[in-house]
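Structure file entry.txt (compact mmCIF, C-alpha atoms) follows.
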# COMPACT_ATOMS: atom_id res chain seq x y z
CA MET A 22 159.76 80.00 5.55
CA THR A 23 157.76 78.97 8.59
CA ALA A 24 157.07 75.37 9.61
CA ARG A 25 153.39 75.83 8.60
CA THR A 26 154.31 77.10 5.13
CA SER A 27 156.66 74.14 4.68
CA ARG A 28 153.88 71.61 5.56
CA THR A 29 151.49 73.28 3.06
CA ALA A 30 154.07 73.08 0.26
CA GLY A 31 154.71 69.41 1.10
CA ARG A 32 150.99 68.63 0.83
CA ARG A 33 150.80 70.40 -2.53
CA ILE A 34 153.65 68.29 -3.88
CA TRP A 35 152.00 65.16 -2.52
CA TYR A 36 148.67 66.07 -4.16
CA PHE A 37 150.51 66.76 -7.44
CA PHE A 38 152.01 63.27 -7.47
CA LEU A 39 148.62 61.76 -6.56
CA ALA A 40 146.99 63.58 -9.49
CA ILE A 41 149.72 62.36 -11.90
CA ALA A 42 149.28 58.78 -10.65
CA ALA A 43 145.52 59.03 -11.10
CA LEU A 44 145.95 60.29 -14.67
CA ILE A 45 148.40 57.48 -15.56
CA GLY A 46 146.14 54.86 -13.98
CA GLY A 47 143.07 56.16 -15.81
CA ALA A 48 144.88 56.09 -19.12
CA ALA A 49 146.00 52.52 -18.49
CA VAL A 50 142.44 51.39 -17.73
CA SER A 51 141.15 53.21 -20.81
CA GLN A 52 143.78 51.52 -23.01
CA ALA A 53 142.85 48.06 -21.68
CA GLN A 54 139.18 48.59 -22.58
CA GLY A 55 140.00 49.81 -26.07
CA PRO A 56 138.28 52.62 -27.87
CA PRO A 57 134.55 52.85 -27.32
CA PRO A 58 132.68 51.16 -30.19
CA GLU A 59 130.76 53.27 -32.64
CA ALA A 60 127.27 53.71 -31.29
CA GLY A 61 125.06 50.73 -32.19
CA ARG A 62 127.77 48.83 -34.00
CA ALA A 63 130.35 46.33 -32.86
CA PRO A 64 133.40 45.42 -34.95
CA THR A 65 132.68 42.74 -37.56
CA VAL A 66 134.81 39.75 -36.71
CA SER A 67 133.51 37.37 -39.37
CA PRO A 68 133.04 39.21 -42.65
CA VAL A 69 130.67 37.48 -45.01
CA PRO A 70 131.82 37.52 -48.66
CA GLN A 71 129.81 39.69 -51.03
CA GLU A 72 129.00 36.59 -53.10
CA PHE A 73 126.36 35.60 -50.57
CA VAL A 74 124.39 38.79 -51.16
CA GLY A 75 121.43 38.55 -53.53
CA ILE A 76 118.15 36.75 -54.08
CA TRP A 77 118.20 32.97 -53.83
CA ASP A 78 115.78 30.27 -54.81
CA TRP A 79 115.71 26.53 -54.64
CA LYS A 80 117.30 25.03 -57.71
CA THR A 81 114.88 24.82 -60.66
CA PRO A 82 112.45 23.21 -60.55
CA ARG A 83 111.81 25.30 -57.50
CA GLN A 84 110.82 22.47 -55.22
CA SER A 85 113.58 20.00 -55.84
CA CYS A 86 115.03 18.99 -52.55
CA GLY A 87 114.34 15.36 -52.94
CA SER A 88 111.26 14.63 -50.88
CA THR A 89 108.81 12.35 -52.64
CA VAL A 90 106.29 12.30 -49.82
CA ASP A 91 104.04 15.05 -48.57
CA SER A 92 103.86 16.38 -45.04
CA TYR A 93 101.73 13.44 -44.04
CA GLY A 94 104.24 10.90 -45.35
CA GLN A 95 102.14 10.02 -48.38
CA PRO A 96 103.62 9.81 -51.91
CA ALA A 97 103.50 13.26 -53.50
CA THR A 98 105.15 15.35 -56.16
CA PHE A 99 105.24 19.02 -57.07
CA ASP A 100 103.25 18.25 -60.20
CA SER A 101 100.68 16.15 -58.33
CA LYS A 102 101.33 13.20 -60.62
CA PRO A 103 103.34 9.97 -60.33
CA GLY A 104 106.95 10.45 -61.35
CA GLY A 105 106.65 14.23 -61.09
CA ARG A 106 109.18 16.61 -59.64
CA PRO A 107 110.04 16.03 -55.99
CA LEU A 108 108.97 18.42 -53.28
CA CYS A 109 111.35 20.67 -51.39
CA GLN A 110 110.35 20.21 -47.80
CA TRP A 111 111.37 18.22 -44.80
CA PRO A 112 111.26 14.55 -45.80
CA ILE A 113 108.75 13.54 -43.18
CA ASP A 114 109.19 9.84 -43.83
CA ARG A 115 112.85 10.10 -42.75
CA LEU A 116 112.21 12.63 -40.01
CA GLU A 117 109.62 10.35 -38.44
CA LYS A 118 112.28 7.69 -37.93
CA VAL A 119 114.29 9.89 -35.56
CA LEU A 120 111.34 11.08 -33.48
CA ASN A 121 111.47 9.84 -29.90
CA GLY A 122 108.42 8.81 -27.91
CA ARG A 123 107.43 12.40 -27.16
CA GLY A 124 107.74 13.40 -30.80
CA ARG A 125 105.62 10.50 -31.96
CA ALA A 126 103.02 11.15 -29.26
CA TRP A 127 102.63 14.80 -30.27
CA ARG A 128 102.28 13.94 -33.94
CA GLN A 129 99.66 11.36 -33.06
CA PHE A 130 97.76 13.84 -30.86
CA THR A 131 97.61 16.62 -33.44
CA ARG A 132 97.13 14.59 -36.59
CA ASN A 133 95.40 11.42 -35.63
CA GLY A 134 93.42 13.17 -32.94
CA GLY A 135 92.02 15.46 -35.62
CA ASP A 136 93.06 18.60 -33.77
CA ASP A 137 94.41 20.44 -36.76
CA VAL A 138 93.13 23.75 -35.43
CA ILE A 139 96.00 23.76 -32.94
CA SER A 140 98.36 24.56 -35.81
CA PRO A 141 99.33 28.26 -35.69
CA ARG A 142 99.02 28.46 -39.50
CA TRP A 143 95.21 28.62 -39.35
CA THR A 144 95.23 31.86 -37.41
CA CYS A 145 97.93 33.55 -39.46
CA VAL A 146 100.84 33.19 -37.09
CA ALA A 147 104.03 33.51 -39.15
CA ALA A 148 105.57 30.23 -40.25
CA GLY A 149 108.15 28.84 -37.85
CA LEU A 150 111.87 28.60 -38.50
CA GLY A 151 111.78 25.08 -39.97
CA THR A 152 109.02 25.94 -42.43
CA VAL A 153 110.53 29.24 -43.54
CA LEU A 154 113.97 27.77 -44.12
CA THR A 155 112.79 24.99 -46.40
CA GLU A 156 109.63 26.07 -48.20
CA GLY A 157 109.95 26.99 -51.86
CA TYR A 158 109.98 30.76 -51.61
CA LEU A 159 112.53 33.35 -52.60
CA ARG A 160 114.96 34.64 -49.99
CA GLY A 161 117.16 37.73 -50.16
CA PHE A 162 120.48 38.08 -48.32
CA TYR A 163 121.78 41.55 -47.44
CA LYS A 164 124.93 42.59 -45.58
CA ARG A 165 125.10 44.99 -42.71
CA ALA A 166 128.12 45.92 -40.64
CA ASP A 167 126.99 43.71 -37.79
CA SER A 168 124.89 41.06 -39.48
CA LEU A 169 123.72 39.24 -42.57
CA VAL A 170 120.02 39.94 -42.95
CA MET A 171 117.95 37.18 -44.51
CA HIS A 172 114.60 38.25 -45.94
CA PHE A 173 112.20 35.39 -46.66
CA ASP A 174 109.15 35.74 -48.92
CA GLN A 175 107.51 33.08 -46.75
CA SER A 176 105.82 35.14 -44.02
CA ASN A 177 107.78 38.21 -45.25
CA TRP A 178 110.20 37.63 -42.39
CA PHE A 179 113.43 39.61 -41.88
CA ARG A 180 116.01 37.68 -39.92
CA PRO A 181 119.24 39.19 -38.58
CA VAL A 182 122.11 36.72 -38.35
CA TRP A 183 124.61 38.48 -36.11
CA THR A 184 128.16 38.31 -37.46
CA ASP A 185 129.86 40.74 -35.07
CA GLY A 186 131.17 38.13 -32.70
CA ARG A 187 128.46 38.39 -30.08
CA GLY A 188 127.25 35.24 -28.36
CA HIS A 189 123.69 34.08 -28.00
CA ALA A 190 121.17 35.90 -25.84
CA PRO A 191 120.80 34.62 -22.26
CA ALA A 192 118.88 31.37 -22.03
CA THR A 193 116.06 33.24 -20.31
CA ASP A 194 115.38 35.13 -23.55
CA SER A 195 113.49 33.05 -26.06
CA PHE A 196 112.12 34.04 -29.46
CA TYR A 197 109.65 32.45 -31.89
CA HIS A 198 112.34 32.37 -34.60
CA GLY A 199 115.25 32.03 -32.18
CA HIS A 200 118.49 33.99 -31.90
CA SER A 201 120.98 33.49 -34.74
CA ILE A 202 124.71 34.12 -34.94
CA GLY A 203 126.92 33.43 -37.95
CA TRP A 204 130.54 33.02 -38.90
CA MET A 205 132.64 31.88 -41.86
CA GLU A 206 134.37 28.52 -42.05
CA GLY A 207 136.31 28.60 -45.33
CA THR A 208 133.72 29.20 -48.04
CA THR A 209 130.90 28.10 -45.77
CA PHE A 210 128.71 30.55 -43.88
CA VAL A 211 127.58 28.82 -40.69
CA VAL A 212 124.47 29.97 -38.85
CA GLU A 213 123.66 28.74 -35.37
CA THR A 214 120.18 29.34 -33.95
CA THR A 215 119.17 28.77 -30.34
CA ASN A 216 116.84 30.48 -27.81
CA LEU A 217 113.79 29.13 -29.62
CA THR A 218 110.31 28.86 -28.20
CA TRP A 219 108.27 25.68 -28.35
CA ASP A 220 106.66 25.22 -31.78
CA PRO A 221 103.85 22.71 -32.34
CA ASP A 222 104.66 22.73 -36.09
CA GLY A 223 108.42 22.98 -35.87
CA TYR A 224 109.40 21.63 -39.26
CA ASP A 225 106.56 22.09 -41.70
CA ASP A 226 103.23 23.64 -40.96
CA HIS A 227 101.38 20.63 -42.34
CA SER A 228 103.37 17.89 -40.67
CA HIS A 229 102.65 18.69 -37.01
CA VAL A 230 106.08 17.56 -35.88
CA ALA A 231 106.91 19.50 -32.72
CA ARG A 232 110.15 21.31 -31.97
CA SER A 233 111.20 22.22 -28.45
CA HIS A 234 112.81 25.23 -26.80
CA MET A 235 115.99 23.15 -26.45
CA ALA A 236 116.44 22.74 -30.21
CA LYS A 237 119.49 24.04 -32.01
CA PHE A 238 119.59 24.66 -35.78
CA ILE A 239 122.90 24.67 -37.63
CA GLU A 240 122.67 25.95 -41.21
CA ARG A 241 125.69 25.64 -43.49
CA TYR A 242 125.66 27.70 -46.71
CA THR A 243 128.53 26.52 -48.94
CA LEU A 244 129.23 28.40 -52.15
CA LYS A 245 129.75 26.06 -55.11
CA ASN A 246 130.20 28.97 -57.51
CA LYS A 247 128.94 32.56 -57.63
CA ASP A 248 125.41 31.47 -58.55
CA SER A 249 124.94 28.31 -56.56
CA MET A 250 125.30 27.09 -53.01
CA GLU A 251 124.45 24.06 -50.95
CA LEU A 252 122.35 24.50 -47.85
CA SER A 253 122.43 21.86 -45.16
CA ILE A 254 120.36 22.24 -42.01
CA THR A 255 121.01 20.08 -38.98
CA VAL A 256 118.59 20.12 -36.08
CA GLU A 257 119.42 18.86 -32.61
CA ASP A 258 116.48 18.58 -30.26
CA PRO A 259 116.91 16.35 -27.21
CA VAL A 260 113.25 16.78 -26.27
CA PHE A 261 111.74 15.36 -29.46
CA LEU A 262 114.54 13.75 -31.52
CA LYS A 263 116.57 10.62 -30.83
CA GLU A 264 119.46 11.98 -32.89
CA PRO A 265 120.27 15.04 -35.02
CA PHE A 266 118.46 15.29 -38.34
CA THR A 267 119.91 16.88 -41.49
CA PHE A 268 118.15 18.38 -44.51
CA VAL A 269 120.16 19.22 -47.63
CA GLY A 270 119.16 21.29 -50.66
CA GLU A 271 120.70 23.51 -53.32
CA LEU A 272 120.05 27.23 -53.71
CA VAL A 273 120.64 29.14 -56.92
CA ARG A 274 120.81 32.86 -57.58
CA SER A 275 117.51 34.25 -58.89
CA SER A 276 116.62 37.26 -60.98
CA GLU A 277 112.96 37.12 -59.92
CA PRO A 278 111.73 39.98 -57.77
CA MET A 279 110.51 39.09 -54.31
CA VAL A 280 106.82 39.52 -53.52
CA ALA A 281 107.74 41.00 -50.13
CA THR A 282 104.26 40.82 -48.68
CA TRP A 283 102.40 38.19 -46.72
CA ASP A 284 98.82 39.31 -46.33
CA CYS A 285 97.01 36.69 -44.31
CA ASP A 286 93.34 36.55 -43.46
CA PRO A 287 92.37 34.36 -40.49
CA ASP A 288 88.69 34.37 -41.51
CA THR A 289 89.52 32.90 -44.90
CA SER A 290 91.87 30.46 -43.28
CA LEU A 291 89.39 29.23 -40.69
CA ARG A 292 86.65 28.93 -43.32
CA GLU A 293 89.00 26.61 -45.24
CA LEU A 294 89.68 24.61 -42.09
CA TYR A 295 86.11 24.21 -40.94
CA SER A 296 84.81 23.46 -44.43
CA THR A 297 87.09 20.44 -44.58
CA VAL A 298 87.35 18.93 -41.09
CA ASN A 299 84.85 18.07 -38.41
CA ASN A 300 85.07 19.91 -35.12
CA PRO A 301 86.12 17.36 -32.49
CA TYR A 302 84.94 19.55 -29.58
CA PRO A 303 81.16 19.91 -29.14
CA ASP A 304 81.55 22.85 -26.76
CA ASP A 305 83.59 24.85 -29.28
CA THR A 306 81.22 27.21 -31.10
CA THR A 307 83.87 28.80 -33.34
CA PRO A 308 83.22 26.53 -36.34
CA ALA A 309 79.55 27.56 -36.50
CA LYS A 310 80.65 30.98 -37.73
CA TYR A 311 82.31 29.42 -40.77
CA GLU A 312 79.76 26.79 -41.73
CA MET B 4 82.22 -18.83 -27.80
CA LYS B 5 81.51 -18.10 -31.45
CA VAL B 6 79.85 -14.85 -30.44
CA ARG B 7 82.92 -13.82 -28.44
CA ARG B 8 85.23 -14.63 -31.35
CA PHE B 9 83.00 -12.64 -33.71
CA ALA B 10 82.98 -9.70 -31.31
CA ALA B 11 86.76 -9.78 -31.04
CA ILE B 12 87.15 -9.80 -34.81
CA ALA B 13 84.62 -6.98 -35.12
CA VAL B 14 86.55 -4.89 -32.61
CA MET B 15 89.82 -5.54 -34.46
CA VAL B 16 88.25 -4.59 -37.81
CA ALA B 17 86.80 -1.41 -36.29
CA ALA B 18 90.16 -0.51 -34.78
CA PHE B 19 91.91 -1.06 -38.09
CA THR B 20 89.34 1.09 -39.89
CA LEU B 21 89.81 3.94 -37.42
CA THR B 22 93.59 3.72 -37.78
CA ALA B 23 93.33 3.75 -41.56
CA GLN B 24 91.09 6.81 -41.45
CA ALA B 25 93.44 8.53 -39.06
CA HIS B 26 96.36 8.12 -41.43
CA HIS B 27 94.91 10.07 -44.30
CA SER B 28 97.48 12.16 -46.08
CA PHE B 29 97.26 15.80 -47.25
CA THR B 30 93.99 14.47 -48.41
CA ALA B 31 92.90 14.77 -44.81
CA PHE B 32 91.16 17.84 -46.15
CA TRP B 33 90.25 17.08 -49.76
CA HIS B 34 89.21 14.07 -51.83
CA THR B 35 92.14 14.34 -54.23
CA ASP B 36 90.94 11.25 -56.06
CA ARG B 37 87.62 12.90 -56.99
CA GLU B 38 86.71 15.91 -59.10
CA VAL B 39 83.63 18.07 -59.02
CA GLU B 40 82.76 20.82 -61.50
CA ILE B 41 80.59 23.79 -60.67
CA THR B 42 79.50 26.85 -62.64
CA GLY B 43 78.51 30.09 -60.99
CA ILE B 44 79.06 33.78 -60.44
CA VAL B 45 82.14 35.03 -58.59
CA LYS B 46 81.06 36.90 -55.46
CA SER B 47 84.49 37.64 -54.00
CA VAL B 48 88.18 36.92 -54.51
CA LYS B 49 90.77 37.14 -51.75
CA LEU B 50 94.43 36.75 -52.74
CA VAL B 51 95.60 36.04 -49.22
CA ASN B 52 97.61 33.57 -47.20
CA PRO B 53 97.71 30.85 -46.23
CA HIS B 54 95.49 30.07 -49.25
CA SER B 55 93.58 32.34 -51.59
CA GLU B 56 89.82 32.04 -51.70
CA MET B 57 87.07 32.59 -54.22
CA LEU B 58 83.37 32.54 -53.28
CA VAL B 59 81.13 31.40 -56.12
CA GLU B 60 77.33 31.53 -56.10
CA VAL B 61 75.82 28.50 -57.80
CA THR B 62 72.17 28.33 -58.85
CA ASP B 63 70.61 24.91 -59.30
CA ALA B 64 67.81 23.87 -61.66
CA LYS B 65 65.17 24.86 -59.10
CA GLY B 66 66.60 28.33 -58.80
CA THR B 67 68.06 27.76 -55.36
CA THR B 68 71.37 29.46 -54.78
CA ALA B 69 74.28 28.22 -52.71
CA LEU B 70 77.62 29.78 -51.95
CA TRP B 71 80.63 27.57 -52.69
CA THR B 72 84.07 28.18 -51.17
CA ILE B 73 86.90 27.64 -53.63
CA THR B 74 90.25 27.28 -51.88
CA SER B 75 93.39 27.83 -53.91
CA ARG B 76 95.95 25.05 -53.94
CA ALA B 77 98.65 27.73 -53.72
CA THR B 78 99.46 30.31 -51.06
CA GLY B 79 98.44 33.91 -51.56
CA SER B 80 102.06 34.89 -52.15
CA GLY B 81 102.43 32.04 -54.64
CA ILE B 82 99.42 33.34 -56.53
CA LEU B 83 100.86 36.86 -56.64
CA GLN B 84 104.22 35.47 -57.76
CA GLY B 85 102.31 33.66 -60.49
CA GLY B 86 101.02 36.98 -61.83
CA TRP B 87 97.52 37.18 -60.33
CA THR B 88 95.94 40.55 -59.64
CA LYS B 89 92.47 41.47 -58.37
CA ASP B 90 91.46 41.88 -62.01
CA THR B 91 92.45 38.39 -63.14
CA VAL B 92 88.97 37.09 -62.30
CA PRO B 93 86.73 40.10 -61.57
CA VAL B 94 83.78 39.82 -59.19
CA GLY B 95 80.62 39.11 -61.21
CA THR B 96 82.37 36.87 -63.74
CA ARG B 97 80.66 33.59 -64.62
CA VAL B 98 83.24 30.86 -64.11
CA LYS B 99 83.56 27.12 -64.32
CA VAL B 100 85.62 25.55 -61.54
CA LYS B 101 86.89 22.02 -61.47
CA GLY B 102 88.32 20.92 -58.14
CA HIS B 103 88.62 18.33 -55.42
CA PRO B 104 85.65 18.19 -53.03
CA SER B 105 85.97 18.61 -49.29
CA ARG B 106 86.11 15.54 -47.13
CA LYS B 107 83.58 17.10 -44.80
CA GLU B 108 80.15 15.65 -45.44
CA GLY B 109 77.82 18.18 -47.07
CA ALA B 110 80.38 20.99 -47.32
CA LYS B 111 80.18 23.17 -50.41
CA ALA B 112 83.92 23.54 -50.81
CA LEU B 113 86.44 22.73 -53.51
CA ALA B 114 90.23 22.88 -53.76
CA ALA B 115 91.21 24.16 -57.19
CA GLY B 116 92.80 24.07 -59.63
CA THR B 117 91.89 25.58 -62.91
CA ILE B 118 89.26 28.30 -63.39
CA THR B 119 87.63 28.62 -66.82
CA LEU B 120 86.44 32.07 -67.87
CA PRO B 121 83.45 32.80 -70.17
CA ASP B 122 85.73 33.13 -73.24
CA GLY B 123 87.18 29.67 -72.59
CA LYS B 124 90.44 31.00 -71.23
CA GLU B 125 91.81 28.98 -68.32
CA VAL B 126 93.66 30.51 -65.37
CA CYS B 127 95.57 28.57 -62.76
CA PHE B 128 94.46 28.98 -59.15
CA GLY B 129 97.39 26.90 -57.87
CA GLY B 130 98.55 23.33 -57.93
CA GLY B 131 99.84 21.32 -60.85
CA CYS B 132 98.65 23.85 -63.45
CA GLY B 133 101.72 26.09 -63.14
CA ILE B 134 101.69 27.80 -59.76
CA GLN B 135 103.40 25.90 -57.01
CA GLN B 136 101.21 24.14 -54.51
CA GLY B 137 101.51 25.48 -51.04
Structure encoded using C-alpha cells:
Amino acid sequence: MTARTSRTAGRRIWYFFLAIAALIGGAAVSQAQGPPPEAGRAPTVSPVPQEFVGIWDWKTPRQSCGSTVDSYGQPATFDSKPGGRPLCQWPIDRLEKVLNGRGRAWRQFTRNGGDDVISPRWTCVAAGLGTVLTEGYLRGFYKRADSLVMHFDQSNWFRPVWTDGRGHAPATDSFYHGHSIGWMEGTTFVVETTNLTWDPDGYDDHSHVARSHMAKFIERYTLKNKDSMELSITVEDPVFLKEPFTFVGELVRSSEPMVATWDCDPDTSLRELYSTVNNPYPDDTTPAKYE
Amino acid sequence: MKVRRFAAIAVMVAAFTLTAQAHHSFTAFWHTDREVEITGIVKSVKLVNPHSEMLVEVTDAKGTTALWTITSRATGSGILQGGWTKDTVPVGTRVKVKGHPSRKEGAKALAAGTITLPDGKEVCFGGGCGIQQG
C-alpha cells in the first residue's frame, strides 16, 4: 500500500463518519419537530363535547333575555304591549351607563344627529358580531377536527371558532367579525374574539353604540343539561367602554329547521329609510331616488 | 330686561323641544301611537332583509292613484321562518292594511302589521301578531 492509497482510505473513513453523524443529527432534529401534521389540520387540543352540537335558540319565548327597553332605551316588549315578553337584545339602558365620553359622543352623533344612514344595516352589510350573537335567530353548532363552526340564521353567517390550540392572528390582521379561538373550561366552552374592525353599530344595529378595533369578546357557553345552556358575553373595549359589560341569556336546543338564507335588498332597505327620515344633507341626492 | 328674560326662556324651551325630539325611540321612524288603514291592490311583494316590503296601489275617491310602501315589522328571514311564501299574498290581490304611519311628513308609508285578504283572512306581516319583530 502506497502513502497515497493510505491517505485516500483515511479520507473515505472520515467521510463515512461524517455521513453517519449527519444522519444521526438529522434524525434528532426531525424527532424534536415531531411528525408533520396532516395537511390542513392541526391536532385538536381542546375537544368540544358532542353535546354542544345541534341547533340552538333563545329560551321560549324566543326573545327572553330580560331587556325591557328597545334599542333606543325606550320601554318595549316582544309583544309590543305593556307587560309583554321581554326582548332578547343588549339592554341598552344598562350598556349606556358604561359608555365613556367617546361612546356617548358617537351615539349622540349617529342618533341625535339624525344620521341613521351611516348604519351599515341600510345597505345590506352583514350584521356585526354583537348583533348576530344576541338577536333572536336560530344558530347551529357543528364540530370539525380543528374548530367548532357556528352557523347563525342572522345574516346566514358561518363562524369558525378555532379549537386546535392556535393563537390569534397577528394584530395587523383585522376582520369584520374578528378572529375567534375556543377552549373548554370544565363544562364551559369559552370563545375569545379579537382582531375586530371598527363597527359603528357594534352591539345592535338599531342602537348605534360603537365598538372599536381594540374590543375583546369573551363568550362562555355553559351546559346546564343536554338541552339547555347559559350564554354569557363579556365585552372589553377600552376605546368606548369605561368597564367590561356582560350580557347573559339562556339557549335551548331547537327542533326547528334553520332558514339558512339572508337575501337582502338595499333598494328596499333605503326606500324604508328615506320614507321615514328626513335627509340631513342637502347636497346628498340619493334620497330623491326613493321618494 | 323683560324682553331679554323672555328671549332666554324661549331659547331654553326651544332647546328642550329639540332634545325631546332627538330622543325619540324606535319610533324615530314610525308613529307607533297612531294607526292608518288603507285598501288597495298589491303591486309587488319582496320577502327580503332587513325588512320585507309590499307596494300597494291605492285609488282615492277622485280616481287618483298613489303607491304606498308597506314595511314589514319583521325581517325577511323572520317572515320566511313564519311560513310566508311568494304565494301568501299574490300580486294583484286587493288587501286592507292597518299600520303605523311614517314620521316623515307626507310619506305614503306604513309599518305593518296585519294584512287582511278579500276573504277576511288575516296574515301577519310581522310584529305582535305572531312573527317576531326585527
Name all residues at most 8 Å from Tyr311 of chain A (count all atoms listed in the file; drop same-chain ones fewer than 6 positions away) and give them as a CSV table (one decimal) with C-alpha atoms, keeping the file's coordinate frame.
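Heads up, here's the output in around_16.csv:
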chain,number,residue,atom,x,y,z
A,291,LEU,CA,89.4,29.2,-40.7
A,292,ARG,CA,86.6,28.9,-43.3
A,295,TYR,CA,86.1,24.2,-40.9
A,296,SER,CA,84.8,23.5,-44.4
Just the residues within 12 Å of Thr88 of chain B, please, counting only C-alpha atoms, with nothing from its chain fewer than 6 positions along; format it as a list of chain:residue names.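 Within the cut-off, the hits are B:Val48, B:Lys49, B:Leu50, B:Val51, B:Ser55, B:Gly79, B:Ser80, B:Gly81, B:Ile82, B:Val126, B:Phe128.
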For the atom pair atom CA of Tyr158 of chain A and atom CA of Phe268 of chain A, what is the interatomic distance in Å to one decimal place?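 Interatomic distance, atom CA of Tyr158 of chain A to atom CA of Phe268 of chain A: 16.4 Å.
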Nearest to chain A among B:Asp90, B:Glu40, B:Glu60, B:Glu108, with distances taken over all atoms listed in the file: which residue is it?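 Of B:Asp90, B:Glu40, B:Glu60, B:Glu108, the one nearest chain A, counting all atoms listed in the file, is B:Glu108.
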Need the shell around Ala148 of chain A: protein/DNA/RNA residues with any atom at most 10 Å away, counting all atoms listed in the file. Skip same-chain ones fewer than 2 positions apart. Format as a VMD selection string? (chain A and resid 141 to 142 145 to 146 150 to 154 156 175 to 178 197 to 198 220 222 to 226) or (chain B and resid 53)
Output as a Markdown table one row per residue of segment 149-227 of chain A within 10 Å of segment 269-274 of chain A: the closest atom pair and its distance in Å to one decimal place, counting only C-alpha atoms, sorted by chain and residue number ascending.
| residue | atom | partner | partner_atom | distance |
| --- | --- | --- | --- | --- |
| A:Thr155 | CA | A:Gly270 | CA | 8.5 |
| A:Leu159 | CA | A:Arg274 | CA | 9.7 |
| A:Arg160 | CA | A:Leu272 | CA | 9.7 |
| A:Gly161 | CA | A:Arg274 | CA | 9.6 |
With distances taken over only C-alpha atoms, which residue among A:Leu294, A:Cys285, A:Val230, A:Leu244 lies nearest chain B? A:Cys285
With all atoms listed in the file as the counted atoms, please give the residues lying no more than 8 Å from Pro68 of chain A, apart from itself and same-chain residues fewer than 4 positions off, as a list in words.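 Here the qualifying residues turn out to be Thr184, Trp204 and Met205 of chain A.
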For the atom pair atom CA of Ile239 of chain A and atom CA of Gly199 of chain A, what is the interatomic distance in Å to one decimal place?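 Interatomic distance here is 11.9 Å.
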Choose the residue, out of A:His227, A:Asp305, A:Phe173, A:Asp284, that has the smallest atom-to-atom separation from Asp78 of chain A; count all atoms listed in the file. A:Phe173
So how far away is atom CA of His172 of chain A from atom CA of Gly203 of chain A, in Å?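 Pair atom CA of Gly203 of chain A / atom CA of His172 of chain A returns 15.5 Å.
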Pick from A:Phe130, A:Tyr302, A:Phe179, A:Phe162 nearest to chain B, counting only C-alpha atoms: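 The shortest atom-to-atom distance to chain B comes from A:Phe130.
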If we count only C-alpha atoms, what is near Thr215 of chain A at a cut-off of 6 Å, once residues fewer than 2 positions away on the same chain are taken out, given as a compact mmCIF listing (two decimals) with C-alpha atoms, in the coordinates of the input?
# COMPACT_ATOMS: atom_id res chain seq x y z
CA GLY A 199 115.25 32.03 -32.18
CA HIS A 200 118.49 33.99 -31.90
CA LEU A 217 113.79 29.13 -29.62
CA LYS A 237 119.49 24.04 -32.01
